[in-house]
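**Student:** Got a structure for you, written out below as C-alpha coordinates; questions coming shortly.
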Amino acid sequence: METIKNPRLTSNSKVLRKNMTKQERHLWYDFLKQLPVTVHRQKVYGPFILDFYIPCANLVIELDGSQHYEEAGKASDRERDLYLQERQLTVLRYSNLDVMQNFMGVCEDIIQHIPSFVDLGSFR
(Lines give C-alpha, C1' and ligand atoms only; values in the text may rest on other atoms or scores of the structure.)
Protein backbone atom coordinates (compact mmCIF):
# COMPACT_ATOMS: atom_id res chain seq x y z
CA MET A 1 0.00 0.00 0.00
CA GLU A 2 1.19 3.46 -0.83
CA THR A 3 1.91 5.63 2.14
CA ILE A 4 2.88 9.24 2.41
CA LYS A 5 3.91 10.46 5.83
CA ASN A 6 1.64 13.37 6.57
CA PRO A 7 1.42 14.33 10.26
CA ARG A 8 -1.47 16.71 9.57
CA LEU A 9 -3.53 13.96 7.98
CA THR A 10 -2.57 11.45 10.67
CA SER A 11 -3.74 13.77 13.44
CA ASN A 12 -6.90 14.62 11.47
CA SER A 13 -7.66 10.93 10.97
CA LYS A 14 -7.41 10.33 14.73
CA VAL A 15 -9.86 13.18 15.36
CA LEU A 16 -12.23 11.80 12.72
CA ARG A 17 -12.11 8.32 14.29
CA LYS A 18 -13.11 9.80 17.64
CA ASN A 19 -15.85 11.94 16.09
CA MET A 20 -17.54 9.66 13.58
CA THR A 21 -20.85 10.73 12.11
CA LYS A 22 -24.00 8.92 13.18
CA GLN A 23 -24.00 7.01 9.87
CA GLU A 24 -20.32 6.05 10.18
CA ARG A 25 -20.89 4.77 13.72
CA HIS A 26 -23.90 2.74 12.56
CA LEU A 27 -22.01 1.13 9.68
CA TRP A 28 -18.90 0.52 11.82
CA TYR A 29 -20.43 -0.87 15.01
CA ASP A 30 -23.38 -2.69 13.45
CA PHE A 31 -21.57 -4.26 10.50
CA LEU A 32 -17.97 -3.53 9.48
CA LYS A 33 -16.40 -4.15 12.88
CA GLN A 34 -17.94 -7.64 12.92
CA LEU A 35 -16.51 -8.70 9.55
CA PRO A 36 -13.80 -11.37 9.76
CA VAL A 37 -11.40 -9.14 7.79
CA THR A 38 -9.33 -6.10 8.70
CA VAL A 39 -11.27 -2.88 8.23
CA HIS A 40 -9.56 0.46 8.84
CA ARG A 41 -11.48 3.56 9.85
CA GLN A 42 -10.36 6.99 8.67
CA LYS A 43 -7.28 5.52 6.99
CA VAL A 44 -4.64 7.87 5.59
CA TYR A 45 -3.95 6.77 2.01
CA GLY A 46 -1.72 9.06 -0.01
CA PRO A 47 -3.13 12.59 0.20
CA PHE A 48 -6.55 11.42 1.43
CA ILE A 49 -8.31 10.11 4.51
CA LEU A 50 -10.60 7.21 3.59
CA ASP A 51 -13.78 6.65 5.61
CA PHE A 52 -13.26 2.86 5.59
CA TYR A 53 -10.64 0.70 3.90
CA ILE A 54 -10.60 -3.11 3.53
CA PRO A 55 -7.10 -4.05 2.33
CA CYS A 56 -7.80 -7.71 1.44
CA ALA A 57 -10.44 -6.52 -1.03
CA ASN A 58 -8.69 -3.33 -2.22
CA LEU A 59 -11.96 -1.73 -1.20
CA VAL A 60 -12.69 1.83 -0.09
CA ILE A 61 -16.07 2.70 1.43
CA GLU A 62 -17.08 6.35 1.50
CA LEU A 63 -20.17 7.75 3.19
CA ASP A 64 -21.35 10.94 1.58
CA GLY A 65 -23.06 13.75 3.44
CA SER A 66 -24.71 16.74 1.80
CA GLN A 67 -21.39 18.50 1.00
CA HIS A 68 -20.62 15.74 -1.52
CA TYR A 69 -23.57 16.79 -3.67
CA GLU A 70 -22.41 20.38 -4.15
CA GLU A 71 -20.25 21.14 -7.20
CA ALA A 72 -17.02 21.51 -5.19
CA GLY A 73 -17.73 18.23 -3.39
CA LYS A 74 -18.48 16.40 -6.63
CA ALA A 75 -15.24 17.66 -8.20
CA SER A 76 -13.22 16.67 -5.14
CA ASP A 77 -14.81 13.20 -5.12
CA ARG A 78 -14.03 12.69 -8.83
CA GLU A 79 -10.36 13.59 -8.22
CA ARG A 80 -10.17 11.32 -5.18
CA ASP A 81 -11.91 8.40 -6.92
CA LEU A 82 -9.59 8.68 -9.94
CA TYR A 83 -6.51 8.69 -7.67
CA LEU A 84 -7.75 5.58 -5.85
CA GLN A 85 -8.86 3.75 -8.99
CA GLU A 86 -5.42 4.36 -10.55
CA ARG A 87 -4.09 2.37 -7.60
CA GLN A 88 -6.47 -0.53 -8.31
CA LEU A 89 -8.83 0.30 -5.46
CA THR A 90 -12.59 -0.05 -5.81
CA VAL A 91 -14.50 2.87 -4.34
CA LEU A 92 -18.02 2.31 -3.04
CA ARG A 93 -19.99 5.44 -2.21
CA TYR A 94 -23.17 5.49 -0.19
CA SER A 95 -25.16 8.49 0.91
CA ASN A 96 -25.85 8.95 4.60
CA LEU A 97 -29.51 8.50 3.68
CA ASP A 98 -28.72 5.07 2.15
CA VAL A 99 -27.10 3.97 5.40
CA MET A 100 -30.08 5.08 7.46
CA GLN A 101 -32.89 3.90 5.16
CA ASN A 102 -31.36 0.87 3.40
CA PHE A 103 -28.77 -0.41 5.85
CA MET A 104 -29.11 -4.08 4.90
CA GLY A 105 -28.83 -3.23 1.20
CA VAL A 106 -25.61 -1.29 1.85
CA CYS A 107 -24.20 -4.20 3.88
CA GLU A 108 -25.12 -6.72 1.18
CA ASP A 109 -23.48 -4.56 -1.50
CA ILE A 110 -20.26 -4.33 0.53
CA ILE A 111 -20.23 -8.11 1.01
CA GLN A 112 -20.51 -8.58 -2.77
CA HIS A 113 -17.20 -6.71 -3.14
CA ILE A 114 -15.22 -8.87 -0.70
CA PRO A 115 -13.33 -11.70 -2.46
CA SER A 116 -14.84 -15.16 -2.36
CA PHE A 117 -11.67 -16.61 -0.78
CA VAL A 118 -12.57 -14.75 2.43
CA ASP A 119 -14.76 -16.88 4.67
CA LEU A 120 -17.58 -14.54 5.65
CA GLY A 121 -19.54 -17.27 7.39
CA SER A 122 -22.94 -15.90 8.39
CA PHE A 123 -22.44 -12.65 6.46
CA ARG A 124 -23.19 -14.26 3.08
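We label chains A, B, ... in the order they appear in the C-alpha coordinates, count residues from 1 in each chain, and number ligands from 1 in the order shown.
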Set the distance at 10 Å and use only C-alpha atoms: which residues neighbour Gln42 of chain A once local chain neighbours fewer than 3 positions away are removed? I'd like the list as a list in words.

**Tutor:** Leu9, Thr10, Asn12, Ser13, Lys14, Val15, Leu16, Arg17, Lys18, Met20, Val39, Tyr45, Phe48, Ile49, Leu50, Asp51, Phe52, Tyr53 and Glu62 of chain A

**Student:** So which residues touch Tyr29 of chain A within 12 Å, counting only C-alpha atoms, skipping near sequence neighbours fewer than 6 positions away, as a list in words?

**Tutor:**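 Near Tyr29 of chain A, the qualifying residues are Met20, Thr21, Lys22, Gln23, Leu35, Val39 and Arg41 of chain A.
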
**Student:** Counting only C-alpha atoms, which residue out of A:Leu27, A:Leu120, A:Leu84, A:Leu89 sits closest to Val106 of chain A?

**Tutor:** A:Leu27

**Student:** Out of A:Leu59, A:Ile114, A:Met100, A:Leu92, which residue has the shortest atom-to-atom distance to Pro36 of chain A when counting only C-alpha atoms?

**Tutor:**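 Going through A:Leu59, A:Ile114, A:Met100, A:Leu92 one by one, the smallest distance to Pro36 of chain A is for A:Ile114.
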
**Student:** Just to confirm, what's the straight-line distance from atom CA of Ile54 of chain A to atom CA of Thr38 of chain A in Å (one decimal)?

**Tutor:**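 Rounded to one decimal, the two atoms are 6.1 Å apart.
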
**Student:** Run DSSP on the backbone of this structure and report the residues of segment 54-104 of chain A it assigns to alpha helix (DSSP H), as a PyMOL selection string.

**Tutor:** chain A and resi 71-85+96-101+103-104
